[in-house]
file coords21.txt (compact mmCIF, N, CA, C and O atoms)
# COMPACT_ATOMS: atom_id res chain seq x y z
N VAL Q 1 2.13 -14.47 -2.32
CA VAL Q 1 2.25 -13.83 -3.63
C VAL Q 1 1.93 -14.82 -4.74
O VAL Q 1 1.35 -14.44 -5.75
N ASN Q 2 2.27 -16.07 -4.57
CA ASN Q 2 2.04 -17.07 -5.61
C ASN Q 2 0.57 -17.26 -5.94
O ASN Q 2 0.23 -17.78 -6.99
N HIS Q 3 -0.33 -16.84 -5.05
CA HIS Q 3 -1.76 -17.00 -5.27
C HIS Q 3 -2.40 -15.79 -5.95
O HIS Q 3 -3.57 -15.82 -6.28
N LEU Q 4 -1.61 -14.75 -6.17
CA LEU Q 4 -2.11 -13.54 -6.82
C LEU Q 4 -2.04 -13.68 -8.33
O LEU Q 4 -1.27 -14.49 -8.85
N PRO Q 5 -2.82 -12.88 -9.06
CA PRO Q 5 -2.75 -12.92 -10.53
C PRO Q 5 -1.33 -12.61 -11.03
O PRO Q 5 -0.57 -11.90 -10.36
N VAL Q 6 -1.01 -13.12 -12.20
CA VAL Q 6 0.34 -12.98 -12.76
C VAL Q 6 0.78 -11.53 -12.83
O VAL Q 6 1.93 -11.21 -12.52
N GLY Q 7 -0.10 -10.61 -13.22
CA GLY Q 7 0.26 -9.20 -13.31
C GLY Q 7 0.74 -8.64 -11.99
O GLY Q 7 1.68 -7.84 -11.94
N ILE Q 8 0.11 -9.05 -10.92
CA ILE Q 8 0.51 -8.57 -9.60
C ILE Q 8 1.77 -9.28 -9.14
O ILE Q 8 2.64 -8.67 -8.53
N GLN Q 9 1.92 -10.55 -9.47
CA GLN Q 9 3.16 -11.27 -9.14
C GLN Q 9 4.35 -10.58 -9.78
O GLN Q 9 5.38 -10.40 -9.14
N SER Q 10 4.21 -10.19 -11.06
CA SER Q 10 5.32 -9.54 -11.74
C SER Q 10 5.62 -8.18 -11.12
O SER Q 10 6.76 -7.74 -11.10
N TYR Q 11 4.59 -7.52 -10.58
CA TYR Q 11 4.79 -6.25 -9.90
C TYR Q 11 5.75 -6.44 -8.73
O TYR Q 11 6.67 -5.66 -8.53
N PHE Q 12 5.54 -7.52 -7.97
CA PHE Q 12 6.40 -7.77 -6.82
C PHE Q 12 7.84 -8.05 -7.23
O PHE Q 12 8.77 -7.69 -6.53
N SER Q 13 8.03 -8.68 -8.36
CA SER Q 13 9.39 -8.96 -8.80
C SER Q 13 10.12 -7.68 -9.20
O SER Q 13 11.34 -7.62 -9.15
N HIS Q 14 9.36 -6.63 -9.56
CA HIS Q 14 9.97 -5.36 -9.96
C HIS Q 14 9.96 -4.32 -8.85
O HIS Q 14 10.67 -3.34 -8.91
N LYS Q 15 9.14 -4.51 -7.85
CA LYS Q 15 9.01 -3.54 -6.76
C LYS Q 15 9.33 -4.21 -5.43
O LYS Q 15 8.45 -4.65 -4.71
N GLU Q 16 10.59 -4.31 -5.11
CA GLU Q 16 10.99 -4.96 -3.88
C GLU Q 16 10.66 -4.13 -2.65
O GLU Q 16 10.74 -4.62 -1.53
N SER Q 17 10.28 -2.88 -2.83
CA SER Q 17 10.01 -2.01 -1.70
C SER Q 17 8.68 -2.32 -1.01
O SER Q 17 8.44 -1.86 0.08
N ILE Q 18 7.82 -3.11 -1.66
CA ILE Q 18 6.55 -3.48 -1.04
C ILE Q 18 6.77 -4.73 -0.20
O ILE Q 18 7.24 -5.74 -0.70
N ALA Q 19 6.40 -4.65 1.05
CA ALA Q 19 6.60 -5.80 1.94
C ALA Q 19 5.26 -6.40 2.34
O ALA Q 19 4.38 -5.70 2.81
N ILE Q 20 5.12 -7.69 2.12
CA ILE Q 20 3.92 -8.38 2.60
C ILE Q 20 4.17 -8.84 4.03
O ILE Q 20 3.30 -8.78 4.87
N VAL Q 21 5.35 -9.29 4.29
CA VAL Q 21 5.74 -9.72 5.62
C VAL Q 21 6.60 -8.63 6.23
O VAL Q 21 7.49 -8.11 5.58
N PRO Q 22 6.32 -8.25 7.47
CA PRO Q 22 7.10 -7.17 8.08
C PRO Q 22 8.59 -7.51 8.13
O PRO Q 22 8.96 -8.64 8.41
N GLU Q 23 9.41 -6.52 7.82
CA GLU Q 23 10.85 -6.68 7.93
C GLU Q 23 11.28 -6.12 9.28
O GLU Q 23 10.48 -5.52 9.99
N ALA Q 24 12.53 -6.27 9.61
CA ALA Q 24 13.04 -5.78 10.88
C ALA Q 24 12.73 -4.30 11.02
O ALA Q 24 12.98 -3.52 10.11
N GLY Q 25 12.15 -3.92 12.13
CA GLY Q 25 11.83 -2.52 12.40
C GLY Q 25 10.51 -2.06 11.80
O GLY Q 25 10.08 -0.96 12.08
N GLU Q 26 9.87 -2.88 11.01
CA GLU Q 26 8.59 -2.51 10.41
C GLU Q 26 7.48 -2.96 11.34
O GLU Q 26 7.49 -4.08 11.83
N LYS Q 27 6.49 -2.09 11.58
CA LYS Q 27 5.46 -2.39 12.56
C LYS Q 27 4.48 -3.45 12.08
O LYS Q 27 4.11 -4.32 12.83
N GLN Q 28 4.01 -3.36 10.83
CA GLN Q 28 3.05 -4.35 10.35
C GLN Q 28 3.12 -4.46 8.84
O GLN Q 28 3.60 -3.57 8.17
N ALA Q 29 2.65 -5.57 8.33
CA ALA Q 29 2.63 -5.78 6.89
C ALA Q 29 1.51 -4.96 6.27
O ALA Q 29 0.53 -4.63 6.92
N LYS Q 30 1.66 -4.65 5.00
CA LYS Q 30 0.61 -3.95 4.28
C LYS Q 30 -0.48 -4.95 3.94
O LYS Q 30 -0.22 -6.09 3.62
N SER Q 31 -1.72 -4.48 3.99
CA SER Q 31 -2.83 -5.36 3.65
C SER Q 31 -2.88 -5.54 2.14
O SER Q 31 -2.33 -4.74 1.38
N LEU Q 32 -3.55 -6.57 1.70
CA LEU Q 32 -3.71 -6.81 0.27
C LEU Q 32 -4.39 -5.61 -0.39
O LEU Q 32 -4.01 -5.19 -1.48
N GLY Q 33 -5.37 -5.04 0.28
CA GLY Q 33 -6.06 -3.86 -0.25
C GLY Q 33 -5.11 -2.70 -0.48
O GLY Q 33 -5.18 -2.01 -1.50
N GLN Q 34 -4.20 -2.47 0.48
CA GLN Q 34 -3.23 -1.39 0.34
C GLN Q 34 -2.29 -1.66 -0.83
O GLN Q 34 -1.95 -0.75 -1.59
N ILE Q 35 -1.89 -2.90 -0.98
CA ILE Q 35 -0.97 -3.27 -2.06
C ILE Q 35 -1.65 -3.08 -3.41
O ILE Q 35 -1.10 -2.48 -4.32
N LEU Q 36 -2.90 -3.56 -3.52
CA LEU Q 36 -3.63 -3.43 -4.78
C LEU Q 36 -3.88 -1.97 -5.12
O LEU Q 36 -3.79 -1.57 -6.28
N ARG Q 37 -4.18 -1.17 -4.11
CA ARG Q 37 -4.41 0.26 -4.34
C ARG Q 37 -3.14 0.93 -4.85
O ARG Q 37 -3.19 1.76 -5.76
N LYS Q 38 -2.01 0.57 -4.28
CA LYS Q 38 -0.73 1.13 -4.72
C LYS Q 38 -0.43 0.71 -6.15
O LYS Q 38 0.00 1.53 -6.97
N VAL Q 39 -0.68 -0.55 -6.48
CA VAL Q 39 -0.46 -1.04 -7.85
C VAL Q 39 -1.37 -0.29 -8.81
O VAL Q 39 -0.92 0.16 -9.88
N GLU Q 40 -2.64 -0.13 -8.45
CA GLU Q 40 -3.59 0.57 -9.31
C GLU Q 40 -3.15 2.03 -9.52
O GLU Q 40 -3.13 2.52 -10.64
N LYS Q 41 -2.79 2.69 -8.45
CA LYS Q 41 -2.38 4.09 -8.54
C LYS Q 41 -1.15 4.24 -9.44
O LYS Q 41 -1.13 5.09 -10.33
N GLU Q 42 -0.16 3.41 -9.23
CA GLU Q 42 1.06 3.50 -10.03
C GLU Q 42 0.77 3.18 -11.50
O GLU Q 42 1.34 3.81 -12.39
N SER Q 43 -0.12 2.24 -11.75
CA SER Q 43 -0.49 1.90 -13.12
C SER Q 43 -1.18 3.08 -13.80
O SER Q 43 -0.87 3.43 -14.94
N ILE Q 44 -2.12 3.69 -13.10
CA ILE Q 44 -2.83 4.84 -13.65
C ILE Q 44 -1.86 5.98 -13.94
O ILE Q 44 -1.88 6.57 -15.03
N MET Q 45 -1.02 6.29 -12.99
CA MET Q 45 -0.09 7.41 -13.17
C MET Q 45 0.90 7.13 -14.31
O MET Q 45 1.23 8.03 -15.08
N ARG Q 46 1.35 5.87 -14.42
CA ARG Q 46 2.28 5.52 -15.49
C ARG Q 46 1.62 5.69 -16.86
O ARG Q 46 2.20 6.28 -17.77
N VAL Q 47 0.39 5.20 -16.99
CA VAL Q 47 -0.32 5.30 -18.27
C VAL Q 47 -0.64 6.76 -18.60
O VAL Q 47 -0.52 7.18 -19.75
N LEU Q 48 -1.01 7.54 -17.59
CA LEU Q 48 -1.25 8.96 -17.84
C LEU Q 48 0.01 9.66 -18.33
O LEU Q 48 -0.04 10.50 -19.23
N LYS Q 49 1.14 9.27 -17.77
CA LYS Q 49 2.41 9.86 -18.22
C LYS Q 49 2.70 9.44 -19.66
O LYS Q 49 3.10 10.26 -20.49
N GLU Q 50 2.47 8.17 -19.96
CA GLU Q 50 2.71 7.67 -21.32
C GLU Q 50 1.80 8.32 -22.35
O GLU Q 50 2.18 8.47 -23.51
N THR Q 51 0.60 8.71 -21.93
CA THR Q 51 -0.36 9.33 -22.86
C THR Q 51 -0.33 10.85 -22.77
O THR Q 51 -1.21 11.53 -23.29
N ASN Q 52 0.69 11.37 -22.09
CA ASN Q 52 0.82 12.83 -21.91
C ASN Q 52 -0.43 13.44 -21.29
O ASN Q 52 -0.86 14.52 -21.69
N GLY Q 53 -1.03 12.74 -20.34
CA GLY Q 53 -2.18 13.24 -19.61
C GLY Q 53 -3.51 13.05 -20.33
O GLY Q 53 -4.53 13.54 -19.85
N ASN Q 54 -3.53 12.33 -21.43
CA ASN Q 54 -4.77 12.09 -22.17
C ASN Q 54 -5.59 11.04 -21.42
O ASN Q 54 -5.35 9.84 -21.53
N LYS Q 55 -6.57 11.53 -20.67
CA LYS Q 55 -7.35 10.64 -19.79
C LYS Q 55 -8.23 9.68 -20.59
O LYS Q 55 -8.43 8.54 -20.18
N LYS Q 56 -8.76 10.14 -21.71
CA LYS Q 56 -9.61 9.27 -22.54
C LYS Q 56 -8.79 8.08 -23.04
O LYS Q 56 -9.21 6.93 -22.95
N ARG Q 57 -7.61 8.36 -23.58
CA ARG Q 57 -6.74 7.29 -24.09
C ARG Q 57 -6.28 6.39 -22.93
O ARG Q 57 -6.23 5.17 -23.08
N ALA Q 58 -5.96 6.99 -21.79
CA ALA Q 58 -5.54 6.21 -20.63
C ALA Q 58 -6.64 5.25 -20.19
O ALA Q 58 -6.37 4.09 -19.87
N SER Q 59 -7.89 5.72 -20.22
CA SER Q 59 -9.00 4.84 -19.81
C SER Q 59 -9.13 3.67 -20.77
O SER Q 59 -9.45 2.56 -20.36
N GLU Q 60 -8.87 3.91 -22.05
CA GLU Q 60 -8.92 2.83 -23.04
C GLU Q 60 -7.79 1.82 -22.81
O GLU Q 60 -8.01 0.61 -22.83
N ILE Q 61 -6.59 2.31 -22.59
CA ILE Q 61 -5.44 1.43 -22.35
C ILE Q 61 -5.65 0.60 -21.08
O ILE Q 61 -5.36 -0.59 -21.06
N LEU Q 62 -6.17 1.24 -20.05
CA LEU Q 62 -6.39 0.55 -18.77
C LEU Q 62 -7.67 -0.28 -18.77
O LEU Q 62 -7.94 -0.98 -17.79
N ASP Q 63 -8.45 -0.20 -19.86
CA ASP Q 63 -9.73 -0.89 -19.96
C ASP Q 63 -10.62 -0.53 -18.77
O ASP Q 63 -11.16 -1.38 -18.07
N MET Q 64 -10.70 0.79 -18.55
CA MET Q 64 -11.43 1.32 -17.42
C MET Q 64 -12.42 2.36 -17.92
O MET Q 64 -12.11 3.13 -18.83
N ASP Q 65 -13.60 2.38 -17.34
CA ASP Q 65 -14.58 3.40 -17.66
C ASP Q 65 -13.97 4.78 -17.42
O ASP Q 65 -13.29 5.00 -16.40
N TYR Q 66 -14.21 5.72 -18.33
CA TYR Q 66 -13.63 7.06 -18.25
C TYR Q 66 -13.99 7.74 -16.93
O TYR Q 66 -13.11 8.31 -16.27
N LYS Q 67 -15.25 7.68 -16.54
CA LYS Q 67 -15.67 8.33 -15.29
C LYS Q 67 -15.02 7.66 -14.07
O LYS Q 67 -14.69 8.34 -13.10
N SER Q 68 -14.82 6.36 -14.14
CA SER Q 68 -14.14 5.66 -13.05
C SER Q 68 -12.70 6.11 -12.94
O SER Q 68 -12.17 6.30 -11.85
N LEU Q 69 -12.06 6.29 -14.11
CA LEU Q 69 -10.68 6.78 -14.11
C LEU Q 69 -10.60 8.16 -13.48
O LEU Q 69 -9.73 8.42 -12.65
N LEU Q 70 -11.51 9.05 -13.85
CA LEU Q 70 -11.52 10.39 -13.28
C LEU Q 70 -11.69 10.35 -11.76
O LEU Q 70 -11.02 11.08 -11.03
N ALA Q 71 -12.56 9.46 -11.29
CA ALA Q 71 -12.78 9.32 -9.85
C ALA Q 71 -11.52 8.81 -9.15
O ALA Q 71 -11.18 9.29 -8.06
N LYS Q 72 -10.83 7.85 -9.78
CA LYS Q 72 -9.59 7.32 -9.19
C LYS Q 72 -8.51 8.39 -9.14
O LYS Q 72 -7.80 8.52 -8.14
N ILE Q 73 -8.38 9.17 -10.20
CA ILE Q 73 -7.39 10.25 -10.22
C ILE Q 73 -7.69 11.24 -9.10
O ILE Q 73 -6.79 11.64 -8.36
N LYS Q 74 -8.95 11.61 -8.96
CA LYS Q 74 -9.35 12.54 -7.90
C LYS Q 74 -9.04 11.95 -6.52
O LYS Q 74 -8.51 12.63 -5.65
N LEU Q 75 -9.36 10.68 -6.34
CA LEU Q 75 -9.09 10.00 -5.08
C LEU Q 75 -7.60 9.99 -4.75
O LEU Q 75 -7.20 10.35 -3.64
N TYR Q 76 -6.78 9.61 -5.71
CA TYR Q 76 -5.35 9.51 -5.45
C TYR Q 76 -4.71 10.87 -5.25
O TYR Q 76 -3.80 11.02 -4.43
N ASN Q 77 -5.19 11.88 -5.94
CA ASN Q 77 -4.68 13.23 -5.71
C ASN Q 77 -5.09 13.72 -4.33
O ASN Q 77 -4.31 14.37 -3.65
N ALA Q 78 -6.31 13.41 -3.89
CA ALA Q 78 -6.77 13.81 -2.55
C ALA Q 78 -5.97 13.09 -1.48
O ALA Q 78 -5.64 13.69 -0.45
N ASP Q 79 -5.62 11.83 -1.73
CA ASP Q 79 -4.82 11.06 -0.76
C ASP Q 79 -3.48 11.74 -0.52
O ASP Q 79 -2.94 11.71 0.57
N GLU Q 80 -2.94 12.33 -1.56
CA GLU Q 80 -1.62 12.97 -1.46
C GLU Q 80 -1.72 14.46 -1.16
O GLU Q 80 -0.71 15.13 -1.03
N GLY Q 81 -2.95 14.99 -1.10
CA GLY Q 81 -3.12 16.40 -0.85
C GLY Q 81 -2.66 17.24 -2.03
O GLY Q 81 -2.24 18.38 -1.86
N GLN Q 82 -2.72 16.65 -3.22
CA GLN Q 82 -2.24 17.35 -4.42
C GLN Q 82 -3.38 17.99 -5.17
O GLN Q 82 -4.51 17.52 -5.12
N THR Q 83 -3.07 19.04 -5.88
CA THR Q 83 -4.03 19.67 -6.78
C THR Q 83 -3.35 19.87 -8.12
O THR Q 83 -3.45 20.92 -8.74
N ASN Q 84 -2.65 18.83 -8.59
CA ASN Q 84 -1.93 18.96 -9.86
C ASN Q 84 -2.88 18.83 -11.03
O ASN Q 84 -4.07 18.68 -10.87
N ASN Q 85 -2.35 18.85 -12.23
CA ASN Q 85 -3.18 18.87 -13.43
C ASN Q 85 -3.71 17.51 -13.84
O ASN Q 85 -4.28 17.38 -14.91
N LEU Q 86 -3.59 16.47 -13.03
CA LEU Q 86 -4.10 15.16 -13.38
C LEU Q 86 -5.58 15.03 -13.04
O LEU Q 86 -6.25 14.14 -13.52
N ALA Q 87 -6.09 15.90 -12.19
CA ALA Q 87 -7.49 15.78 -11.79
C ALA Q 87 -8.43 16.43 -12.77
O ALA Q 87 -8.12 17.21 -13.56
call {"tool": "encode", "arguments": {"input": "coords21.txt", "output": "structure tokens"}}
result
Amino acid sequence: VNHLPVGIQSYFSHKESIAIVPEAGEKQAKSLGQILRKVEKESIMRVLKETNGNKKRASEILDMDYKSLLAKIKLYNADEGQTNNLA
């Protein structure tokens, strides 16, 4: 964790539920890709909530291209099998 960017390090200090090293009874550790994807998804969803679903404003806050944000929202909703109003 110490080799990750500060933003991700702080995520770990607030989210103890993410395990890099398997704990007792856990089959395997999450890959860095899985961890980053979870951080990205939670960040997007948090900003969308803060902007009351305003995707344009969320893309500005996240410093993300608007079309990229829409694609990520679609991806994360598909991952969960959701068809909510975020897509």
call {"tool": "atom_distance", "arguments": {"input": "coords21.txt", "atom1": "atom C of Ser68 (chain Q)", "atom2": "CA of Ser31 (chain Q)"}}
result
22.5 Å
call {"tool": "atom_distance", "arguments": {"input": "coords21.txt", "atom1": "CA of Tyr66 (chain Q)", "atom2": "CA of Asn54 (chain Q)"}}
result
10.9 Å
call {"tool": "atom_distance", "arguments": {"input": "coords21.txt", "atom1": "CA of Leu32 (chain Q)", "atom2": "CA of Glu50 (chain Q)"}}
result
26.8 Å
call {"tool": "residues_around", "arguments": {"input": "coords21.txt", "residues": "Met45 (chain Q)", "least_positions_apart": "5", "cutoff": "9 Å", "atoms": "only C-alpha atoms", "output": "MDAnalysis selection string"}}
result
chainID Q and resid 40 50 53 73 86
call {"tool": "closest_residue", "arguments": {"input": "coords21.txt", "among": "Q:Lys41, Q:Ile61, Q:Leu36, Q:Lys30", "to": "Tyr76 (chain Q)", "atoms": "only C-alpha atoms"}}
result
Q:Lys41
call {"tool": "axis_aligned_box", "arguments": {"input": "coords21.txt", "around": "region 62-66 of chain Q", "padding_each_side": "4 Å", "output": "lines of an AutoDock Vina configuration file"}}
result
center_x = -10.4
center_y = 3.5
center_z = -18.2
size_x = 16.4
size_y = 17.7
size_z = 11.8
call {"tool": "select_by_dssp", "arguments": {"input": "coords21.txt", "residues": "region 31-68 of chain Q", "states": "alpha helix (DSSP H)", "output": "PyMOL selection string"}}
result
chain Q and resi 32-50+55-61+66-68
call {"tool": "residues_around", "arguments": {"input": "coords21.txt", "residues": "Lys72 (chain Q)", "least_positions_apart": "6", "cutoff": "12 Å", "atoms": "only C-alpha atoms", "output": "list in words"}}
result
Arg37, Lys38, Glu40, Lys41, Glu42, Ser43, Ile44, Met45, Lys55, Ser59, Met64, Asp65, Tyr66, Ala78, Asp79, Leu86 and Ala87 of chain Q
